[in-house]
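Below you'll find the structure, written out as structure tokens, and then a few comments.
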Amino acid sequence: MLNAENLWFRYGTHLPWTIQEKSMAVAPGDVIGIMAPSGFGKTTLAKLLAGYLNPAKGNVTLDDKPLPKRSYNPVQLVFQNPELAINPRWRIDRILREGHPPLLRHLDALGISSSWLTRYPHELSGGELQRVAIARVLNPQTRYLIADEMTAMLDANTQALIWQVVLNIARQQQMGLIIISHDARLLNRLCPKCLDLTHTHPSEPNLDEMLPTY
Amino acid sequence: MTLIPPQAPLRRSRLQRLTLSRRQQTLWVIGLCSLFLLGIILSTWIIGDTGLNPILAQRNQSPSLDHPFGTDWLGRDMLSRSLHGMSLSLRVGLLAATISAFIGSSLGLAAGTLGGWVDAVITWIVDVFFSLPHLVLLILIAFAVGGGTTGVVVAVALTHWTSLARVIRAEVLQVNSSDYVQLSHRLGRSPLWIARHHMIPHIIPQLLVGLILLFPHAILHEAALSFIGIGLSPHIPAIGIILAESMRHLSTGYWWLGVMPGVLLLLAVKAFDWLGENLRDLLDPKTSQG
Amino acid sequence: MLSISNLSITFTQYNQGLRRKHLHVITDLSLDVQAGEVVAVVGSSGSGKSLLAHTLLGILPTNAEYTGTLLFQGQPLTQKRCERLRGRAIALVPQSVAYLDPLMKVGHQVQRVAQLNGVSPAAARTLTHQTFQRYDLATNTQRRYPFQLSGGMARRVLVSTAVVTQADLVIADEPTPGLHPDVVREALTHLRELAEAGRGVILITHDIEAALQIADRIAVFYAGTTVEIAAAQDFSTGRLRHPYTQALWRSLPKNDFIPLPGNQPNPEQLPEGCLFSDRCPWVTPECTANRPALRQINNGWVRCIHA
């Protein structure tokens, strides 16, 4: 069980809260959708759940224990833009093996051909790279997968293909899925349960975009 | 973009086959520049002392086939003197630049990885160095250390590390905050492993290029210090000394005494510049395909 | 206004050392855009849709070589002409505020674009003011820096940069990445208005549904070629001609959500015949022998011998 209790988070002590009093629980095999437009802290929420950020108040627990800090985190996050989530100087083969090596049948299912393995990231298209980024965390040690706008940059066919495979593997491995997207139709297709953050804090400013990125 | 008139078939014209591709050009420039600089450094040992002894019968000759750089007021061959001087200046410059690069990268790495007050202190020192006039600082340090070769090396090394430290710090911060390094932590990789596999391969090319682009600065400042008399001792034929001596003879029409060593210095500095620029093109995946 | 026929682009890359390989990133691409219409270019990443924009703006990398005919307003579009026209007769609506100067107030930036088009500084200021007003941007927005804009405001500022140019051809490259549906609709409406004002608009996107909201015609790209050019209503009425377009339509979440397996061919080793043959449900031996030509069927164009 992945539990988030009463999470509060802000990027600086002078800034307004990005996440206020958010709680959620995901059981193994659950598929939960989070519907929210940009600027409502959904990436922040994803990063809190996967241990990328530490909440100011509240906590995230996996089976009543805190997320591991040093070893492989069973809660993995897939980003929207694969080009940023992959070291541009590494070959695909090395990228896939950075965590636990992926299963061959998963690579096949995702359509990752063996000829990609010796190439560099800039030689693959965005859709191909995103499959690599997904394959990297689809191993059995991952028990919860958080997909933050995972297919927002991809065409409809690649999107359907990736989700078909990911849902299948999640079902087989009893993996919990948290799918964050702005696309209501996609979430309706994928998730029996859907959390709508759109109307929770309508007055909050677009914090993600207010922050300078460097 | 290589423009082919519309509707022309995609075929390599004879002209294209003869001209060098971008990658070949880059490699040629790197090769030639390295050869030129290496040649200057080694020239001291190749030509030995020939031409350095005064031959009063050959005083003040303008450049000719026998003496391409002319001779000075003691009849010494200016080409040999310039090469000796340049070789010495290069070696002093190399030493100073290497020390400087070492200081810069260590402090940059420390600031970027340790953060907190370490970062604040290092950034402050860098800012202080940037706010002081370069040459004044050089002269002060060289003077304080007592001048001479040591003075030059210490002064140049201590004043040139700042920009490299800044670049390295920024790179470290950028890579550290990147999604792929954050992810690497979550994949269970240790900070040390991440430093070795993600950080260092990213920093090394920057460091290499930074180091090479430091050389011309170091050499020019070494020459400048020697020129104004607080650098290398007047007995050593450093390029700065040669230029300083030539000043006395410029008004009497012996232009080659200043111009020829000056051109050599300019070429050596430019060679380092070209070397650095081309190496950067080659190492950067974005431009290496050009 | 713009007419592209049989455009092919090859990149030469270095493998190791001096060994080279050729990437056929665009093959026999054809497209035409009339004044007053929105043509959407739809395809997956790697289908060459962004390269099309780069070609029209003259910003292809130096290792690119191209063949084919590029005509803009009846004249061949050479590299020199691209450079002269870009930002003037051909304008880009950038993808995000990352394309703006982060250290310059947005009002100044829009004004500068206008001045580049030969408008006097005073007139440029008025023009910027009018444009911002038209897009409901408060006057103080002009004094903001790019990072201070919200998602919707940023879109409107980016459209403003194209509006002040008087450009005849406006290219919008993925103008709606991960935005809220309301913001997407607003951004698309602004593009539509540009077409209504008599300009030609190319909307480059991977999102068919966004494209269908405003486009008159949709060009579907696959592996660097145009596989189909269809009217927007052909999608909803089920009159699509090419099997790839049909698969793309079926794979939408609102339709069957069933994907077509496989990948786009590798630009290093394109198949001899039809570029789609290895994934095509209709494939026959003739398909693998020759590249099919673009044919006109039902007021649309298709590159398939079985359509």
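Residue numbering restarts at 1 in every chain; chains get A, B, ... in the order shown in the structure tokens, and ligands count up from 1 in that same order.
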(request) Check every residue of chain C for an atom within 7 Å of chain B, counting only C-alpha atoms, and provide those that qualify as a PyMOL selection string. (result) chain C and resi 13-14+60-69
Quick one: which chain C residues come within 8 Å of chain A, and what is the nearest atom pair for each with the distance in Å to one decimal, counting only C-alpha atoms, rows ordered by chain and ascending number, as CSV?
residue,atom,partner,partner_atom,distance
C:Gly43,CA,A:Asp155,CA,6.6
C:Ser44,CA,A:Asp155,CA,4.9
C:Ser45,CA,A:Gly126,CA,5.6
C:Gly46,CA,A:Ser125,CA,5.0
C:Phe147,CA,A:Pro212,CA,5.9
C:Gln148,CA,A:Met210,CA,5.3
C:Leu149,CA,A:Met210,CA,6.9
C:Ser150,CA,A:Glu209,CA,5.9
C:Gly151,CA,A:Glu209,CA,7.0
C:Pro177,CA,A:Met153,CA,6.9
C:Gly178,CA,A:Ala152,CA,6.0
C:Leu179,CA,A:Ser38,CA,6.1
C:His180,CA,A:Pro37,CA,4.7
C:Pro181,CA,A:His182,CA,7.5
C:His206,CA,A:Asp155,CA,4.9
C:Asp207,CA,A:Asp155,CA,6.2
C:Ile208,CA,A:Ala156,CA,7.7
C:Ala247,CA,A:Asn157,CA,7.2
C:Leu248,CA,A:Asn157,CA,5.3
C:Trp249,CA,A:Ala156,CA,7.7
C:Ser251,CA,A:Asn157,CA,5.2
C:Leu252,CA,A:Ala156,CA,5.4
C:Pro253,CA,A:Leu186,CA,5.3
C:Lys254,CA,A:Arg185,CA,6.1
C:Phe257,CA,A:Ala160,CA,5.7
C:Ile258,CA,A:Ala160,CA,6.2
C:Pro259,CA,A:Leu161,CA,5.0
C:Leu260,CA,A:Asn157,CA,6.5
C:Pro261,CA,A:Leu161,CA,6.9
C:Gly262,CA,A:Gly111,CA,6.2
C:Asn263,CA,A:Gly111,CA,7.1
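The two atoms in question, atom CA of Leu213 of chain B and atom CA of Val121 of chain B, are spaced 25.7 Å apart.
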Each residue of chain A with at least one atom at most 6 Å from chain B should appear once, together with its nearest atom pair and the corresponding distance in Å (one decimal); atoms considered: only C-alpha atoms; ordering: chain, then increasing residue number; output as JSON lines.
{"residue": "A:Arg70", "atom": "CA", "partner": "B:Gly188", "partner_atom": "CA", "distance": 5.7}
{"residue": "A:Ser71", "atom": "CA", "partner": "B:Gly188", "partner_atom": "CA", "distance": 4.1}
{"residue": "A:Tyr72", "atom": "CA", "partner": "B:Gly188", "partner_atom": "CA", "distance": 3.9}
{"residue": "A:Asn73", "atom": "CA", "partner": "B:Arg186", "partner_atom": "CA", "distance": 5.3}
{"residue": "A:Leu84", "atom": "CA", "partner": "B:Asp179", "partner_atom": "CA", "distance": 5.8}
{"residue": "A:Ala85", "atom": "CA", "partner": "B:Tyr180", "partner_atom": "CA", "distance": 4.2}
{"residue": "A:Ile86", "atom": "CA", "partner": "B:Tyr180", "partner_atom": "CA", "distance": 5.2}
{"residue": "A:Gly99", "atom": "CA", "partner": "B:Leu187", "partner_atom": "CA", "distance": 5.0}
